$ cat coords-v3.csv   # CSV, C-alpha atoms
chain,number,residue,atom,x,y,z
H,1,MET,CA,-4.1,12.6,-17.1
H,2,ASP,CA,-1.3,15.2,-17.2
H,3,LYS,CA,-0.5,14.6,-13.6
H,4,PHE,CA,0.7,11.1,-14.2
H,5,LYS,CA,4.4,10.7,-14.6
H,6,LEU,CA,3.8,7.4,-16.5
H,7,PHE,CA,2.5,9.4,-19.5
H,8,THR,CA,4.9,12.3,-19.5
H,9,PRO,CA,7.7,12.3,-22.1
H,10,LYS,CA,11.2,11.1,-21.0
H,11,LYS,CA,14.6,10.7,-22.5
H,12,TRP,CA,16.6,7.5,-23.0
H,13,GLY,CA,20.1,8.4,-23.8
H,14,SER,CA,19.7,11.2,-26.3
H,15,ILE,CA,16.4,9.8,-27.6
H,16,ASP,CA,13.0,11.3,-26.8
H,17,LEU,CA,10.4,8.9,-25.5
H,18,LYS,CA,6.7,9.7,-25.7
H,19,ASN,CA,6.0,8.3,-22.2
H,20,SER,CA,7.7,6.5,-19.3
H,21,ILE,CA,6.3,3.1,-20.1
H,22,VAL,CA,8.7,0.4,-21.3
H,23,MET,CA,7.7,-2.9,-22.9
H,24,ALA,CA,10.0,-5.4,-21.2
H,25,PRO,CA,11.9,-8.1,-23.1
H,26,MET,CA,10.0,-11.4,-23.3
H,27,THR,CA,11.1,-14.5,-25.1
H,28,ARG,CA,8.3,-15.6,-27.5
H,29,CYS,CA,10.0,-18.1,-29.8
H,30,ARG,CA,8.4,-17.1,-33.1
H,31,ALA,CA,11.6,-16.6,-35.1
H,32,ILE,CA,11.4,-19.6,-37.4
H,33,GLU,CA,15.0,-20.7,-38.3
H,34,ASN,CA,16.1,-17.8,-36.0
H,35,ILE,CA,15.1,-15.1,-38.5
H,36,PRO,CA,12.8,-12.3,-37.4
H,37,ASN,CA,9.6,-12.3,-39.6
H,38,GLU,CA,6.4,-10.5,-40.4
H,39,LEU,CA,4.5,-12.0,-37.5
H,40,MET,CA,7.0,-10.6,-35.1
H,41,ALA,CA,6.8,-7.2,-36.8
H,42,LYS,CA,3.0,-7.2,-36.3
H,43,TYR,CA,3.4,-8.2,-32.6
H,44,TYR,CA,5.7,-5.2,-31.9
H,45,GLN,CA,3.6,-2.9,-34.0
H,46,GLN,CA,0.6,-3.7,-31.9
H,47,ARG,CA,2.5,-2.6,-28.8
H,48,SER,CA,4.3,0.5,-30.2
H,49,ALA,CA,2.4,2.9,-28.0
H,50,ALA,CA,5.1,2.1,-25.3
H,51,GLY,CA,7.6,4.8,-24.8
H,52,LEU,CA,10.4,2.3,-25.4
H,53,ILE,CA,10.2,-1.3,-26.5
H,54,ILE,CA,13.0,-3.7,-25.6
H,55,THR,CA,12.9,-6.8,-27.8
H,56,GLU,CA,12.9,-10.4,-26.8
H,57,GLY,CA,16.4,-11.9,-26.2
H,58,THR,CA,18.3,-11.9,-29.5
H,59,SER,CA,21.5,-13.8,-29.9
H,60,PRO,CA,24.7,-12.0,-30.9
H,61,SER,CA,26.2,-15.3,-32.0
H,62,PRO,CA,25.3,-18.7,-33.4
H,63,ASN,CA,26.8,-20.1,-30.1
H,64,GLY,CA,24.2,-18.1,-28.1
H,65,LEU,CA,21.1,-19.6,-29.7
H,66,GLY,CA,20.2,-21.7,-26.7
H,67,TYR,CA,16.4,-21.8,-27.1
H,68,ALA,CA,14.2,-23.0,-29.9
H,69,ARG,CA,13.1,-20.4,-32.4
H,70,ILE,CA,14.8,-17.3,-30.8
H,71,PRO,CA,16.0,-14.6,-33.2
H,72,GLY,CA,19.6,-13.6,-33.8
H,73,VAL,CA,21.2,-10.4,-35.2
H,74,PHE,CA,24.5,-11.8,-36.4
H,75,ASN,CA,23.8,-12.3,-40.2
H,76,ALA,CA,22.4,-10.3,-43.1
H,77,GLU,CA,19.1,-12.2,-43.3
H,78,GLN,CA,18.4,-11.5,-39.6
H,79,VAL,CA,19.2,-7.8,-40.0
H,80,GLU,CA,16.8,-7.6,-43.0
H,81,GLY,CA,14.2,-9.4,-41.0
H,82,TRP,CA,14.5,-7.0,-38.0
H,83,LYS,CA,14.1,-4.0,-40.4
H,84,LYS,CA,10.4,-5.1,-40.8
H,85,THR,CA,9.9,-4.5,-37.0
H,86,THR,CA,12.0,-1.4,-36.5
H,87,SER,CA,10.4,0.4,-39.5
H,88,ILE,CA,6.9,-0.2,-38.4
H,89,VAL,CA,7.5,0.7,-34.8
H,90,HIS,CA,9.2,4.0,-35.9
H,91,LYS,CA,6.3,4.7,-38.3
H,92,ASN,CA,4.0,4.5,-35.2
H,93,GLY,CA,6.1,6.9,-33.3
H,94,GLY,CA,7.7,4.3,-31.1
H,95,LYS,CA,11.3,3.6,-30.1
H,96,ILE,CA,12.8,0.2,-30.0
H,97,ILE,CA,16.1,-1.3,-28.8
H,98,VAL,CA,17.3,-4.9,-29.2
H,99,GLN,CA,18.2,-7.1,-26.2
H,100,LEU,CA,21.4,-9.0,-26.9
H,101,MET,CA,21.2,-12.4,-25.1
H,102,HIS,CA,23.9,-15.0,-25.4
H,103,SER,CA,22.3,-17.9,-23.6
H,104,GLY,CA,25.6,-19.4,-22.4
H,105,ARG,CA,25.2,-22.7,-20.6
H,106,ILE,CA,21.3,-22.4,-20.8
H,107,SER,CA,21.2,-24.3,-24.0
H,108,HIS,CA,21.0,-27.7,-25.6
H,109,PRO,CA,22.8,-29.1,-28.7
H,110,LEU,CA,19.4,-29.9,-30.3
H,111,ASN,CA,18.6,-26.2,-30.4
H,112,MET,CA,22.0,-25.2,-31.9
H,113,PRO,CA,23.1,-24.9,-35.5
H,114,LYS,CA,25.8,-27.2,-36.8
H,115,GLY,CA,29.4,-26.2,-35.9
H,116,THR,CA,28.4,-24.3,-32.7
H,117,GLN,CA,29.5,-24.9,-29.1
H,118,ILE,CA,27.8,-24.3,-25.8
H,119,PHE,CA,30.0,-22.0,-23.9
H,120,ALA,CA,30.2,-20.8,-20.2
H,121,PRO,CA,32.9,-19.4,-17.9
H,122,SER,CA,33.3,-22.8,-16.4
H,123,GLN,CA,32.3,-26.4,-16.9
H,124,VAL,CA,29.4,-26.2,-14.4
H,125,LYS,CA,26.2,-27.8,-15.6
H,126,ALA,CA,23.0,-26.0,-14.8
H,127,ALA,CA,20.3,-27.9,-13.0
H,128,GLY,CA,17.0,-28.4,-14.9
H,129,GLN,CA,15.8,-28.9,-18.4
H,130,MET,CA,15.5,-27.1,-21.8
H,131,TRP,CA,12.7,-27.5,-24.4
H,132,THR,CA,13.8,-28.8,-27.8
H,133,ASP,CA,11.5,-29.0,-30.8
H,134,ALA,CA,13.2,-32.2,-31.8
H,135,ASN,CA,12.9,-34.3,-28.6
H,136,GLY,CA,10.9,-32.2,-26.1
H,137,LEU,CA,12.4,-31.5,-22.7
H,138,GLN,CA,16.1,-32.4,-22.3
H,139,ASP,CA,18.6,-32.1,-19.4
H,140,PHE,CA,21.1,-29.2,-19.7
H,141,VAL,CA,24.6,-30.4,-20.7
H,142,VAL,CA,28.0,-29.6,-19.3
H,143,PRO,CA,29.2,-26.5,-21.2
H,144,ASN,CA,32.6,-25.9,-22.6
H,145,GLU,CA,34.8,-23.6,-20.5
H,146,MET,CA,35.7,-20.6,-22.5
H,147,THR,CA,39.4,-20.1,-23.2
H,148,LEU,CA,40.8,-16.6,-23.3
H,149,GLN,CA,40.5,-16.7,-27.1
H,150,ASP,CA,36.9,-17.7,-26.8
H,151,ILE,CA,36.3,-14.7,-24.4
H,152,LEU,CA,37.9,-12.4,-26.9
H,153,HIS,CA,35.9,-13.8,-29.7
H,154,ALA,CA,32.6,-13.5,-27.8
H,155,LYS,CA,33.4,-9.8,-27.2
H,156,THR,CA,33.8,-9.2,-30.9
H,157,GLU,CA,30.5,-11.0,-31.5
H,158,TYR,CA,28.7,-8.6,-29.1
H,159,ILE,CA,30.3,-5.6,-30.9
H,160,SER,CA,29.4,-6.9,-34.4
H,161,ALA,CA,25.8,-7.7,-33.3
H,162,SER,CA,25.5,-4.2,-31.8
H,163,GLU,CA,26.6,-2.7,-35.1
H,164,ASN,CA,24.2,-4.9,-36.9
H,165,ALA,CA,21.4,-3.7,-34.7
H,166,LEU,CA,21.9,-0.2,-35.8
H,167,PHE,CA,22.0,-1.3,-39.4
H,168,ALA,CA,18.6,-3.0,-38.7
H,169,GLY,CA,17.2,0.3,-37.5
H,170,PHE,CA,17.2,-0.2,-33.8
H,171,ASP,CA,17.7,2.9,-31.5
H,172,GLY,CA,20.2,1.0,-29.4
H,173,VAL,CA,20.9,-2.2,-27.5
H,174,GLU,CA,20.4,-3.7,-24.1
H,175,LEU,CA,23.0,-6.3,-23.0
H,176,HIS,CA,21.3,-9.1,-21.1
H,177,ALA,CA,23.4,-9.7,-18.0
H,178,ALA,CA,20.5,-11.3,-16.0
H,179,ASN,CA,18.5,-14.5,-15.7
H,180,GLY,CA,21.5,-16.8,-15.7
H,181,TYR,CA,22.7,-16.3,-19.2
H,182,LEU,CA,26.3,-15.9,-20.3
H,183,LEU,CA,27.1,-12.4,-18.9
H,184,GLU,CA,25.6,-13.2,-15.5
H,185,GLU,CA,27.3,-16.6,-15.5
H,186,PHE,CA,30.6,-14.7,-15.2
H,187,LEU,CA,29.3,-12.6,-12.3
H,188,SER,CA,28.4,-15.5,-10.0
H,189,PRO,CA,31.0,-17.6,-8.1
H,190,VAL,CA,28.6,-20.5,-8.5
H,191,SER,CA,28.8,-20.7,-12.3
H,192,ASN,CA,32.2,-19.1,-12.5
H,193,ILE,CA,34.9,-21.1,-10.8
H,194,ARG,CA,37.8,-19.8,-12.9
H,195,THR,CA,41.1,-19.1,-11.4
H,196,ASP,CA,42.4,-16.7,-14.0
H,197,GLU,CA,41.8,-13.0,-14.5
H,198,TYR,CA,38.1,-13.6,-15.2
H,199,GLY,CA,37.4,-15.5,-11.9
H,200,GLY,CA,37.9,-15.5,-8.2
H,201,ASN,CA,37.3,-12.1,-6.7
H,202,ILE,CA,34.5,-9.7,-7.5
H,203,GLU,CA,36.6,-7.5,-9.7
H,204,ASN,CA,37.7,-10.4,-11.8
H,205,ARG,CA,34.2,-11.9,-12.1
H,206,CYS,CA,32.8,-8.5,-13.3
H,207,LYS,CA,35.7,-8.1,-15.8
H,208,PHE,CA,34.0,-9.8,-18.8
H,209,VAL,CA,30.7,-7.9,-18.3
H,210,ILE,CA,32.5,-4.5,-18.0
H,211,GLU,CA,34.7,-5.2,-21.0
H,212,VAL,CA,31.7,-6.2,-23.2
H,213,VAL,CA,29.7,-3.1,-22.1
H,214,ALA,CA,32.7,-0.8,-22.7
H,215,ALA,CA,33.4,-2.3,-26.1
H,216,VAL,CA,29.8,-2.0,-27.3
H,217,ALA,CA,29.5,1.5,-26.0
H,218,LYS,CA,32.6,2.5,-27.9
H,219,ALA,CA,31.3,0.8,-31.1
H,220,ILE,CA,27.8,2.3,-31.2
H,221,GLY,CA,27.8,5.0,-28.6
H,222,LYS,CA,27.4,5.0,-24.8
H,223,GLU,CA,24.1,6.8,-25.2
H,224,LYS,CA,22.7,3.8,-27.2
H,225,THR,CA,23.9,1.1,-24.8
H,226,GLY,CA,22.1,-0.3,-21.7
H,227,ILE,CA,22.3,-3.4,-19.6
H,228,ARG,CA,19.9,-5.7,-17.7
H,229,LEU,CA,20.7,-7.0,-14.2
H,230,SER,CA,18.9,-9.4,-11.9
H,231,PRO,CA,20.6,-9.3,-8.5
H,232,TYR,CA,19.1,-12.0,-6.2
H,233,GLY,CA,17.4,-13.6,-9.2
H,234,VAL,CA,17.4,-17.4,-9.3
H,235,ALA,CA,16.4,-18.0,-12.9
H,236,SER,CA,18.4,-20.6,-14.8
H,237,ASP,CA,19.9,-22.2,-11.7
H,238,MET,CA,21.6,-19.1,-10.2
H,239,PRO,CA,21.7,-19.7,-6.4
H,240,HIS,CA,22.3,-16.9,-4.1
H,241,TYR,CA,25.9,-16.3,-2.8
H,242,PRO,CA,27.2,-14.2,0.1
H,243,GLU,CA,28.8,-11.4,-2.1
H,244,ILE,CA,25.7,-10.5,-4.1
H,245,GLU,CA,25.3,-7.0,-2.7
H,246,ALA,CA,29.1,-6.3,-2.9
H,247,THR,CA,29.1,-7.6,-6.5
H,248,TYR,CA,26.3,-5.3,-7.7
H,249,ASP,CA,27.6,-2.4,-5.7
H,250,TYR,CA,31.0,-2.6,-7.5
H,251,LEU,CA,29.4,-3.4,-10.9
H,252,SER,CA,26.9,-0.5,-10.8
H,253,LYS,CA,29.7,1.9,-9.9
H,254,GLU,CA,31.8,0.7,-12.9
H,255,LEU,CA,28.8,0.9,-15.2
H,256,ASN,CA,28.3,4.5,-14.1
H,257,LYS,CA,31.9,5.3,-15.0
H,258,LEU,CA,31.1,4.1,-18.5
H,259,ASP,CA,28.2,6.6,-18.7
H,260,ILE,CA,25.9,4.2,-20.6
H,261,ALA,CA,22.2,5.0,-21.2
H,262,HIS,CA,20.6,2.7,-18.7
H,263,ILE,CA,20.6,-0.1,-16.1
H,264,HIS,CA,17.5,-2.2,-16.3
H,265,LEU,CA,16.8,-3.9,-12.9
H,266,VAL,CA,14.5,-6.8,-12.9
H,267,ASP,CA,12.7,-8.3,-9.9
H,268,HIS,CA,10.9,-11.6,-10.5
H,269,SER,CA,9.3,-11.8,-7.1
H,270,ALA,CA,5.8,-11.3,-8.6
H,271,MET,CA,6.4,-14.7,-10.3
H,272,GLY,CA,7.5,-16.4,-7.1
H,273,ALA,CA,11.2,-15.7,-7.1
H,274,PRO,CA,13.0,-14.1,-4.1
H,275,GLU,CA,12.4,-10.3,-3.9
H,276,VAL,CA,15.2,-8.0,-4.8
H,277,PRO,CA,15.8,-6.1,-1.5
H,278,LEU,CA,14.8,-2.4,-1.6
H,279,GLU,CA,18.3,-1.6,-0.3
H,280,ILE,CA,19.9,-3.1,-3.4
H,281,LYS,CA,17.6,-1.0,-5.6
H,282,LYS,CA,18.4,2.1,-3.7
H,283,LEU,CA,22.1,1.3,-3.8
H,284,ILE,CA,22.1,0.9,-7.6
H,285,ARG,CA,20.0,4.1,-7.9
H,286,HIS,CA,22.6,5.9,-5.8
H,287,ASN,CA,25.6,4.5,-7.8
H,288,PHE,CA,24.2,5.0,-11.3
H,289,LYS,CA,23.4,8.5,-12.5
H,290,ASN,CA,21.7,7.8,-15.8
H,291,THR,CA,18.4,6.2,-16.6
H,292,LEU,CA,17.2,3.4,-14.2
H,293,ILE,CA,14.5,1.1,-15.6
H,294,THR,CA,12.8,-1.2,-13.1
H,295,CYS,CA,10.7,-4.2,-13.9
H,296,GLY,CA,8.7,-6.7,-12.0
H,297,GLY,CA,5.0,-7.1,-11.2
H,298,TYR,CA,4.0,-3.4,-11.5
H,299,THR,CA,0.5,-2.1,-11.8
H,300,LYS,CA,-0.3,1.3,-13.1
H,301,GLU,CA,-0.6,2.6,-9.5
H,302,SER,CA,2.6,1.0,-8.2
H,303,ALA,CA,4.5,2.2,-11.3
H,304,GLU,CA,3.3,5.7,-10.7
H,305,SER,CA,4.4,5.5,-7.1
H,306,ALA,CA,7.9,4.3,-8.1
H,307,LEU,CA,8.3,7.2,-10.5
H,308,GLU,CA,7.0,9.7,-7.9
H,309,SER,CA,9.5,8.4,-5.3
H,310,GLY,CA,12.5,8.8,-7.6
H,311,LEU,CA,13.4,5.2,-7.3
H,312,THR,CA,13.2,4.7,-11.0
H,313,ASP,CA,13.1,6.7,-14.2
H,314,LEU,CA,11.2,4.3,-16.4
H,315,VAL,CA,8.9,1.4,-15.6
H,316,ALA,CA,8.9,-1.8,-17.6
H,317,PHE,CA,5.8,-4.0,-18.0
H,318,GLY,CA,6.1,-7.6,-19.2
H,319,ARG,CA,3.2,-10.0,-19.0
H,320,PRO,CA,0.5,-7.3,-19.1
H,321,PHE,CA,1.7,-6.4,-22.6
H,322,ILE,CA,1.2,-10.0,-23.8
H,323,ASN,CA,-2.6,-10.0,-23.5
H,324,ASN,CA,-3.0,-6.2,-23.6
H,325,PRO,CA,-1.4,-5.0,-26.8
H,326,ASP,CA,-3.1,-1.6,-26.1
H,327,LEU,CA,-1.8,-1.5,-22.5
H,328,VAL,CA,-0.8,2.1,-22.7
H,329,GLU,CA,-4.2,3.2,-23.9
H,330,ARG,CA,-5.9,1.1,-21.3
H,331,PHE,CA,-3.8,2.8,-18.6
H,332,GLN,CA,-4.4,6.3,-20.0
H,333,ASN,CA,-8.2,5.8,-20.2
H,334,ASN,CA,-8.6,3.7,-17.0
H,335,TRP,CA,-10.0,0.9,-19.1
H,336,PRO,CA,-9.9,-2.5,-17.5
H,337,LEU,CA,-7.1,-4.9,-18.4
H,338,PHE,CA,-7.9,-8.0,-20.3
H,339,GLN,CA,-7.3,-10.8,-17.8
H,340,ASP,CA,-7.3,-14.0,-19.9
H,341,LEU,CA,-3.7,-15.1,-20.5
H,342,ASP,CA,-2.9,-18.5,-22.1
H,343,MET,CA,0.5,-19.5,-20.8
H,344,ASP,CA,0.5,-22.6,-22.9
H,345,LEU,CA,0.9,-20.4,-25.9
H,346,PHE,CA,3.8,-18.3,-24.6
H,347,TYR,CA,6.4,-20.1,-26.7
H,348,THR,CA,4.6,-21.7,-29.5
H,349,ALA,CA,5.3,-20.9,-33.2
H,350,ASP,CA,2.2,-19.2,-34.6
H,351,GLU,CA,-0.1,-16.2,-34.1
H,352,LYS,CA,-2.2,-17.9,-31.4
H,353,GLY,CA,-1.6,-16.3,-28.0
H,354,TYR,CA,0.7,-13.8,-29.8
H,355,THR,CA,-0.9,-11.3,-32.1
H,356,ASP,CA,-4.6,-12.3,-31.6
H,357,TYR,CA,-5.3,-10.7,-28.2
H,358,PRO,CA,-8.1,-8.1,-28.4
H,359,VAL,CA,-7.8,-4.3,-28.0
H,360,TYR,CA,-10.4,-2.6,-25.8
H,361,LYS,CA,-13.7,-1.8,-27.4
H,362,ILE,CA,-15.8,1.0,-26.0
$ encode --input "coords-v3.csv" --output "structure tokens"
Amino acid sequence: MDKFKLFTPKKWGSIDLKNSIVMAPMTRCRAIENIPNELMAKYYQQRSAAGLIITEGTSPSPNGLGYARIPGVFNAEQVEGWKKTTSIVHKNGGKIIVQLMHSGRISHPLNMPKGTQIFAPSQVKAAGQMWTDANGLQDFVVPNEMTLQDILHAKTEYISASENALFAGFDGVELHAANGYLLEEFLSPVSNIRTDEYGGNIENRCKFVIEVVAAVAKAIGKEKTGIRLSPYGVASDMPHYPEIEATYDYLSKELNKLDIAHIHLVDHSAMGAPEVPLEIKKLIRHNFKNTLITCGGYTKESAESALESGLTDLVAFGRPFINNPDLVERFQNNWPLFQDLDMDLFYTADEKGYTDYPVYKI
């Protein structure tokens, strides 16, 4: 077992991890009234053998609560709710960071609190639909184009939420700049058609992301700050564009200058999306000197191979952690993985398909 890099201790920022296995962020929609609860704490406790847990997408702002029943970390009740999770994960020897996800245009008014707005870099409606508990599936709406004041306010919300995360006991934060949410919406010339300093060329389109990362790193420490990227991803109506490689080449170099803890690179090709070209992965690996986390359809064997090759420092597993709460122990002992996975229960509101999956019994 000692020969496996998956099970050897690693560092994330200045924090010691007990292995190289990351539990990937996965939206599970169990936060009733957007407040983390005991059920969520049990879910993360069950999976705390991972070296690092990255939580489900958690809104830094009331305006970012695009999905039904996702948690936030922008008020005192949410901070207290998250303490239940962080304390029990730490008690089990795990480390946990919160993923800050402002959903941007991927939202619907029926999922939003009163007095909020759906913001995006431009008034470009996303194709597709969004689930609402009130009226089922609904078409996306045309978002409000952010003014310069809105942009400044959103940055302060990211800062405040990051500080709240530390109050809640998290070991750090990951900024979600993937999957078509607000930060990635600024990166793409499809969703960002601005003509001011935040739109147009690559540097301008990356400006908001870089400013948010820099502000959060200054507020809580660069060694506690990471970011998730999905170049060539198509989630949430993000079509490909000719400058993808140049955009992420520039962005990863700028993120390296900020000396943050990690870049988390997600490849959704295992779920049918276009594959992230190996050249892009190698480019980001070359440009960014700190921890690189890769995610996307890994098995124990392919994860080990990726670590051995030096392409990545940590490997994140998503869906296998849903129906295998003891995934790390199964890998360590060569136990078979539990194969039954009920996708109909991914985003429901109770313990079914969430905390009731079995651990391996000898």
$ closest_residue --input "coords-v3.csv" --among "H:His108, H:Arg228, H:Lys5, H:Lys289" --to "Ala306 in chain H" --atoms "all atoms listed in the file"
H:Lys5
$ closest_residue --input "coords-v3.csv" --among "H:Ala165, H:Val276, H:Leu182, H:Val79" --to "Ile106 in chain H" --atoms "all atoms listed in the file"
H:Leu182
$ residues_around --input "coords-v3.csv" --residues "range 53-67 of chain H" --least-positions-apart "5" --cutoff "8 Å" --atoms "only C-alpha atoms" --output "ChimeraX atom specification"
/H:22-29,48,72-74,94-108,111-113,116-119,130-132,154,157-158,160-162,174,176
$ write_last_selection --input "coords-v3.csv" --atoms "C-alpha atoms" --output "PDB file, keeping the file's coordinate frame"
ATOM      1  CA  VAL H  22       8.700   0.400 -21.300  1.00  0.00           C
ATOM      2  CA  MET H  23       7.700  -2.900 -22.900  1.00  0.00           C
ATOM      3  CA  ALA H  24      10.000  -5.400 -21.200  1.00  0.00           C
ATOM      4  CA  PRO H  25      11.900  -8.100 -23.100  1.00  0.00           C
ATOM      5  CA  MET H  26      10.000 -11.400 -23.300  1.00  0.00           C
ATOM      6  CA  THR H  27      11.100 -14.500 -25.100  1.00  0.00           C
ATOM      7  CA  ARG H  28       8.300 -15.600 -27.500  1.00  0.00           C
ATOM      8  CA  CYS H  29      10.000 -18.100 -29.800  1.00  0.00           C
ATOM      9  CA  SER H  48       4.300   0.500 -30.200  1.00  0.00           C
ATOM     10  CA  GLY H  72      19.600 -13.600 -33.800  1.00  0.00           C
ATOM     11  CA  VAL H  73      21.200 -10.400 -35.200  1.00  0.00           C
ATOM     12  CA  PHE H  74      24.500 -11.800 -36.400  1.00  0.00           C
ATOM     13  CA  GLY H  94       7.700   4.300 -31.100  1.00  0.00           C
ATOM     14  CA  LYS H  95      11.300   3.600 -30.100  1.00  0.00           C
ATOM     15  CA  ILE H  96      12.800   0.200 -30.000  1.00  0.00           C
ATOM     16  CA  ILE H  97      16.100  -1.300 -28.800  1.00  0.00           C
ATOM     17  CA  VAL H  98      17.300  -4.900 -29.200  1.00  0.00           C
ATOM     18  CA  GLN H  99      18.200  -7.100 -26.200  1.00  0.00           C
ATOM     19  CA  LEU H 100      21.400  -9.000 -26.900  1.00  0.00           C
ATOM     20  CA  MET H 101      21.200 -12.400 -25.100  1.00  0.00           C
ATOM     21  CA  HIS H 102      23.900 -15.000 -25.400  1.00  0.00           C
ATOM     22  CA  SER H 103      22.300 -17.900 -23.600  1.00  0.00           C
ATOM     23  CA  GLY H 104      25.600 -19.400 -22.400  1.00  0.00           C
ATOM     24  CA  ARG H 105      25.200 -22.700 -20.600  1.00  0.00           C
ATOM     25  CA  ILE H 106      21.300 -22.400 -20.800  1.00  0.00           C
ATOM     26  CA  SER H 107      21.200 -24.300 -24.000  1.00  0.00           C
ATOM     27  CA  HIS H 108      21.000 -27.700 -25.600  1.00  0.00           C
ATOM     28  CA  ASN H 111      18.600 -26.200 -30.400  1.00  0.00           C
ATOM     29  CA  MET H 112      22.000 -25.200 -31.900  1.00  0.00           C
ATOM     30  CA  PRO H 113      23.100 -24.900 -35.500  1.00  0.00           C
ATOM     31  CA  THR H 116      28.400 -24.300 -32.700  1.00  0.00           C
ATOM     32  CA  GLN H 117      29.500 -24.900 -29.100  1.00  0.00           C
ATOM     33  CA  ILE H 118      27.800 -24.300 -25.800  1.00  0.00           C
ATOM     34  CA  PHE H 119      30.000 -22.000 -23.900  1.00  0.00           C
ATOM     35  CA  MET H 130      15.500 -27.100 -21.800  1.00  0.00           C
ATOM     36  CA  TRP H 131      12.700 -27.500 -24.400  1.00  0.00           C
ATOM     37  CA  THR H 132      13.800 -28.800 -27.800  1.00  0.00           C
ATOM     38  CA  ALA H 154      32.600 -13.500 -27.800  1.00  0.00           C
ATOM     39  CA  GLU H 157      30.500 -11.000 -31.500  1.00  0.00           C
ATOM     40  CA  TYR H 158      28.700  -8.600 -29.100  1.00  0.00           C
ATOM     41  CA  SER H 160      29.400  -6.900 -34.400  1.00  0.00           C
ATOM     42  CA  ALA H 161      25.800  -7.700 -33.300  1.00  0.00           C
ATOM     43  CA  SER H 162      25.500  -4.200 -31.800  1.00  0.00           C
ATOM     44  CA  GLU H 174      20.400  -3.700 -24.100  1.00  0.00           C
ATOM     45  CA  HIS H 176      21.300  -9.100 -21.100  1.00  0.00           C
TER      46      HIS H 176
END
$ atom_distance --input "coords-v3.csv" --atom1 "CA of Ile202 in chain H" --atom2 "CA of Ala217 in chain H"
22.2 Å
$ closest_residue --input "coords-v3.csv" --among "H:Ala316, H:Leu341, H:Ala134, H:Val173" --to "Ser20 in chain H" --atoms "all atoms listed in the file"
H:Ala316
$ closest_residue --input "coords-v3.csv" --among "H:Pro242, H:Gly128, H:Gly51, H:Pro231" --to "Asp267 in chain H" --atoms "all atoms listed in the file"
H:Pro231
$ closest_residue --input "coords-v3.csv" --among "H:Ile21, H:Glu203, H:His264, H:Asp139" --to "Phe321 in chain H" --atoms "all atoms listed in the file"
H:Ile21
$ residues_around --input "coords-v3.csv" --residues "Lys207 in chain H" --least-positions-apart "6" --cutoff "10 Å" --atoms "all atoms listed in the file" --output "PyMOL selection string"
chain H and resi 186-187+197-199+251
$ residues_around --input "coords-v3.csv" --residues "range 342-352 of chain H" --least-positions-apart "4" --cutoff "9 Å" --atoms "all atoms listed in the file" --output "ChimeraX atom specification"
/H:27-32,39,43,68-69,322-323,356-357
$ closest_residue --input "coords-v3.csv" --among "H:Gly353, H:Gly272, H:Gly233, H:Pro325" --to "Asn179 in chain H" --atoms "only C-alpha atoms"
H:Gly233
$ residues_around --input "coords-v3.csv" --residues "range 224-227 of chain H" --least-positions-apart "5" --cutoff "10 Å" --atoms "all atoms listed in the file" --output "PyMOL selection string"
chain H and resi 12-15+97-100+162+166+170-178+209+213-214+216-219+255+259-265+291-293
$ atom_distance --input "coords-v3.csv" --atom1 "CA of Glu243 in chain H" --atom2 "CA of Pro189 in chain H"
8.9 Å
$ residues_around --input "coords-v3.csv" --residues "Asn333 in chain H" --least-positions-apart "2" --cutoff "12 Å" --atoms "all atoms listed in the file" --output "PyMOL selection string"
chain H and resi 1+4+7+300+326-331+335-337+360-362
$ atom_distance --input "coords-v3.csv" --atom1 "CA of Ala49 in chain H" --atom2 "CA of Asp16 in chain H"
13.6 Å
